[in-house]
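The structure appears below as structure tokens.
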Amino acid sequence: MGCGVAIAQQVTGINSIMYYGQRILIESGFGANAALIANIAPGILAVVGGLIALRNMDRVDRRKTFILGLSLTTTCHILIGVSSLVIPDGNPIRPYVLLFLICAFVLSMQSCLNIAVWVWLAEIFPLNMRGLGTGIAAFAGWLMNGVLALYVPSLIEGVGITGTFFLFAVIGAIALAFIVTQVPETRGWSLERLEEEVTTGAIYIDTIKGKAKRAGRDER
């Protein structure tokens, strides 16, 4: 489950977009110099999104944050794919529409799926395996990041922006289904209570199946 959440964070394609943002913007229709300058915008919004995530960390449930984040990022993927398909090359509005959608994607990702995933990973494992479990999950996530970093340029070259982002959308929908059906809530539980609930499996009934009562949860 921990590996799945770490991988779900990476298959949004966030790091691939940060690595190859200039190339994606050039494919969108910007010139090389304009793409270099425009690529600053997603970086700025990544910082803004991180600040939003920190502010909401103890105010919004982790599951809600994950579900909202994956819903927004998958929607952005679809809109980017559709926009690149229906707005023809050479249309002066095309690069700006795609830049706006890419910025919306980065803001959604950073606000909902970046910091929250690492906090959740630190909470979900029992104490006797917390270090090992977090390490394995982090390894799985960064391994997926490496695979995407290796193949996204070839993917863009082969199927273009449209095909690449539609593929991210399909993967995002699968990741969203995984989060909804498999990932329990951890906010508002003491670490001791979490360890007991995870070890017995009760947390899945309490939080995934919606049977938990807020009054019965420990306050941090």
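Every chain in the structure tokens takes a letter, A first, then B, and so on in the order presented; its residues are numbered from 1, and the ligands are numbered from 1 following the presented order.
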List the spatial neighbours of stretch 55-70 of chain A as a list in words - criterion: any atom at most 8 Å away, only C-alpha atoms, same-chain residues fewer than 4 positions off excluded.
Thr12, Leu51, Thr74, Ser108, Met109, Ser111, Cys112, Leu113, Ala116, Val117, Trp120, Gly172, Ala173, Ala175, Leu176, Ile179, Val180, Val183, Pro184, Glu185, Thr186 and Arg187 of chain A
List as CSV every residue of stretch 19-119 of chain A that is in contact with stretch 127-142 of chain A, defined as an atom at most 12 Å from one of its atoms (using only C-alpha atoms), together with the nearest atom pair and the distance in Å rounded to one decimal, sorted by chain and then rising number.
residue,atom,partner,partner_atom,distance
A:Asn114,CA,A:Gly141,CA,11.9
A:Val117,CA,A:Ala138,CA,10.2
A:Trp118,CA,A:Ala138,CA,8.7
A:Val119,CA,A:Thr134,CA,10.4
Selected residues written out with C-alpha atoms, as a compact mmCIF listing (two decimals), in the first residue's frame:
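Result file selection_19.txt:
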# COMPACT_ATOMS: atom_id res chain seq x y z
CA ASN A 114 3.49 16.25 -2.71
CA VAL A 117 2.18 11.71 0.59
CA TRP A 118 5.38 11.93 2.63
CA VAL A 119 3.46 12.76 5.81
Non-local contacts of A:Ile115 (8 Å; only C-alpha atoms; under 5 positions in same chain excluded) as a list in words
Gly50, Ala53, Leu54 and Gln110 of chain A
Okay, now the selection with N, CA and C atoms, as an mmCIF file, in the first residue's frame?
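The result, written out as again_34.cif:
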data_model
loop_
_atom_site.group_PDB
_atom_site.id
_atom_site.type_symbol
_atom_site.label_atom_id
_atom_site.label_comp_id
_atom_site.auth_asym_id
_atom_site.auth_seq_id
_atom_site.Cartn_x
_atom_site.Cartn_y
_atom_site.Cartn_z
ATOM 1 N N GLY A 50 3.262 24.162 -2.418
ATOM 2 C CA GLY A 50 3.855 23.600 -1.210
ATOM 3 C C GLY A 50 3.422 24.350 0.038
ATOM 4 N N ALA A 53 -0.096 23.379 0.818
ATOM 5 C CA ALA A 53 -0.123 22.032 1.411
ATOM 6 C C ALA A 53 0.246 22.076 2.887
ATOM 7 N N LEU A 54 1.260 22.842 3.230
ATOM 8 C CA LEU A 54 1.675 22.947 4.633
ATOM 9 C C LEU A 54 0.562 23.552 5.487
ATOM 10 N N GLN A 110 1.217 19.947 -6.327
ATOM 11 C CA GLN A 110 1.985 20.395 -5.170
ATOM 12 C C GLN A 110 1.089 20.681 -3.964
#
Taking 2 positions as the minimum chain separation for residues in the same chain, which residues sit within 8 Å of A:Leu148 when counting only C-alpha atoms? Answer as a VMD selection string.
chain A and resid 11 13 16 144 to 146 150 to 152
Rank A:Ala104, A:Leu45, A:Ile203, A:Met1 by their smallest atom-to-atom distance to A:Gln182, using only C-alpha atoms, and report the top residue only.
A:Met1
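Counting only C-alpha atoms, A:Gly29 has the following residues at most 9 Å away, ignoring those fewer than 3 positions along the same chain: Ile24, Leu25, Ile26, Ala35, Asp89, Gly90, Asn91, Pro92, Arg94, Pro95 and Tyr96 of chain A.
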Output file for the residues above (N, CA and C atoms, as a PDB file, in the first residue's frame):
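Below is the file that was written, selection_11.pdb:
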ATOM      1  N   ILE A  24       8.539  20.442 -23.335  1.00  0.00           N
ATOM      2  CA  ILE A  24       7.089  20.329 -23.497  1.00  0.00           C
ATOM      3  C   ILE A  24       6.508  21.646 -23.996  1.00  0.00           C
ATOM      4  N   LEU A  25       7.015  22.764 -23.477  1.00  0.00           N
ATOM      5  CA  LEU A  25       6.515  24.066 -23.905  1.00  0.00           C
ATOM      6  C   LEU A  25       6.915  24.367 -25.344  1.00  0.00           C
ATOM      7  N   ILE A  26       8.088  23.907 -25.748  1.00  0.00           N
ATOM      8  CA  ILE A  26       8.485  24.069 -27.152  1.00  0.00           C
ATOM      9  C   ILE A  26       7.545  23.278 -28.054  1.00  0.00           C
ATOM     10  N   ALA A  35      10.077  29.570 -24.217  1.00  0.00           N
ATOM     11  CA  ALA A  35       9.784  28.387 -23.405  1.00  0.00           C
ATOM     12  C   ALA A  35      10.625  28.380 -22.141  1.00  0.00           C
ATOM     13  N   ASP A  89      -1.479  23.459 -34.435  1.00  0.00           N
ATOM     14  CA  ASP A  89      -0.157  24.081 -34.400  1.00  0.00           C
ATOM     15  C   ASP A  89      -0.205  25.378 -35.192  1.00  0.00           C
ATOM     16  N   GLY A  90       0.474  26.388 -34.678  1.00  0.00           N
ATOM     17  CA  GLY A  90       0.489  27.677 -35.359  1.00  0.00           C
ATOM     18  C   GLY A  90      -0.529  28.654 -34.827  1.00  0.00           C
ATOM     19  N   ASN A  91      -1.535  28.154 -34.124  1.00  0.00           N
ATOM     20  CA  ASN A  91      -2.503  29.046 -33.512  1.00  0.00           C
ATOM     21  C   ASN A  91      -1.823  29.773 -32.346  1.00  0.00           C
ATOM     22  N   PRO A  92      -1.824  31.118 -32.336  1.00  0.00           N
ATOM     23  CA  PRO A  92      -1.070  31.843 -31.305  1.00  0.00           C
ATOM     24  C   PRO A  92      -1.556  31.603 -29.884  1.00  0.00           C
ATOM     25  N   ARG A  94      -2.509  28.659 -28.685  1.00  0.00           N
ATOM     26  CA  ARG A  94      -2.222  27.284 -28.261  1.00  0.00           C
ATOM     27  C   ARG A  94      -1.184  27.201 -27.142  1.00  0.00           C
ATOM     28  N   PRO A  95       0.000  27.803 -27.294  1.00  0.00           N
ATOM     29  CA  PRO A  95       1.003  27.641 -26.228  1.00  0.00           C
ATOM     30  C   PRO A  95       0.558  28.219 -24.892  1.00  0.00           C
ATOM     31  N   TYR A  96      -0.225  29.293 -24.917  1.00  0.00           N
ATOM     32  CA  TYR A  96      -0.643  29.924 -23.668  1.00  0.00           C
ATOM     33  C   TYR A  96      -1.724  29.106 -22.954  1.00  0.00           C
TER      34      TYR A  96
END
Tell me which protein, DNA and RNA residues are within 9 Å of A:Thr164, counting only C-alpha atoms, leaving out same-chain ones fewer than 6 positions away, and put them as a list of chain:residue names.
A:His77, A:Gly81, A:Val152, A:Leu155, A:Ile156, A:Gly158
Can you list, as a CSV table (one decimal) with C-alpha atoms, in the first residue's frame, every residue of stretch 55-119 of chain A that DSSP puts in alpha helix (DSSP H)?
chain,number,residue,atom,x,y,z
A,55,ARG,CA,-1.2,25.2,5.7
A,56,ASN,CA,-3.8,22.5,5.1
A,62,ARG,CA,-5.2,12.8,3.9
A,63,ARG,CA,-7.7,10.7,1.8
A,64,LYS,CA,-9.6,13.7,0.8
A,65,THR,CA,-6.4,15.5,-0.2
A,66,PHE,CA,-5.2,12.5,-2.3
A,67,ILE,CA,-8.5,12.0,-4.0
A,68,LEU,CA,-8.9,15.7,-4.8
A,69,GLY,CA,-5.3,15.9,-6.0
A,70,LEU,CA,-5.5,13.0,-8.3
A,71,SER,CA,-8.9,14.1,-9.6
A,72,LEU,CA,-7.5,17.5,-10.4
A,73,THR,CA,-4.2,16.3,-12.0
A,74,THR,CA,-6.1,13.7,-14.1
A,75,THR,CA,-8.5,16.4,-15.2
A,76,CYS,CA,-5.6,18.6,-16.2
A,77,HIS,CA,-4.0,15.8,-18.1
A,78,ILE,CA,-7.3,15.3,-20.1
A,79,LEU,CA,-7.6,19.0,-20.8
A,80,ILE,CA,-4.0,19.3,-21.9
A,81,GLY,CA,-4.5,16.3,-24.3
A,82,VAL,CA,-7.8,17.7,-25.6
A,83,SER,CA,-6.4,21.2,-26.1
A,84,SER,CA,-3.3,20.1,-27.9
A,85,LEU,CA,-5.6,18.0,-30.1
A,86,VAL,CA,-8.2,20.6,-31.0
A,94,ARG,CA,-2.2,27.3,-28.3
A,95,PRO,CA,1.0,27.6,-26.2
A,96,TYR,CA,-0.6,29.9,-23.7
A,97,VAL,CA,-3.6,27.6,-23.1
A,98,LEU,CA,-1.3,24.7,-22.6
A,99,LEU,CA,1.0,26.7,-20.3
A,100,PHE,CA,-2.1,27.7,-18.2
A,101,LEU,CA,-3.2,24.0,-17.9
A,102,ILE,CA,0.4,22.8,-17.1
A,103,CYS,CA,0.5,25.5,-14.3
A,104,ALA,CA,-2.9,24.3,-13.0
A,105,PHE,CA,-1.6,20.7,-13.0
A,106,VAL,CA,1.6,21.7,-11.1
A,107,LEU,CA,-0.4,23.7,-8.5
A,108,SER,CA,-2.8,20.9,-8.0
A,109,MET,CA,-0.1,18.3,-7.6
A,115,ILE,CA,3.9,16.9,1.0
A,116,ALA,CA,0.8,15.0,2.0
A,117,VAL,CA,2.2,11.7,0.6
A,118,TRP,CA,5.4,11.9,2.6
A,119,VAL,CA,3.5,12.8,5.8
Between A:Gly49, A:Pro88, A:Pro153, A:Pro42, which has the minimum distance to A:Tyr20 (counting only C-alpha atoms)?
A:Pro153
So which one's closest to A:Gly201, A:Ile124, A:Gly160, A:Gly21, A:Ser28? Using only C-alpha atoms, please.
A:Ile124
Counting only C-alpha atoms, which of A:Cys3, A:Ala8, A:Ile52, A:Leu36 gets nearest to A:Phe125?
A:Cys3
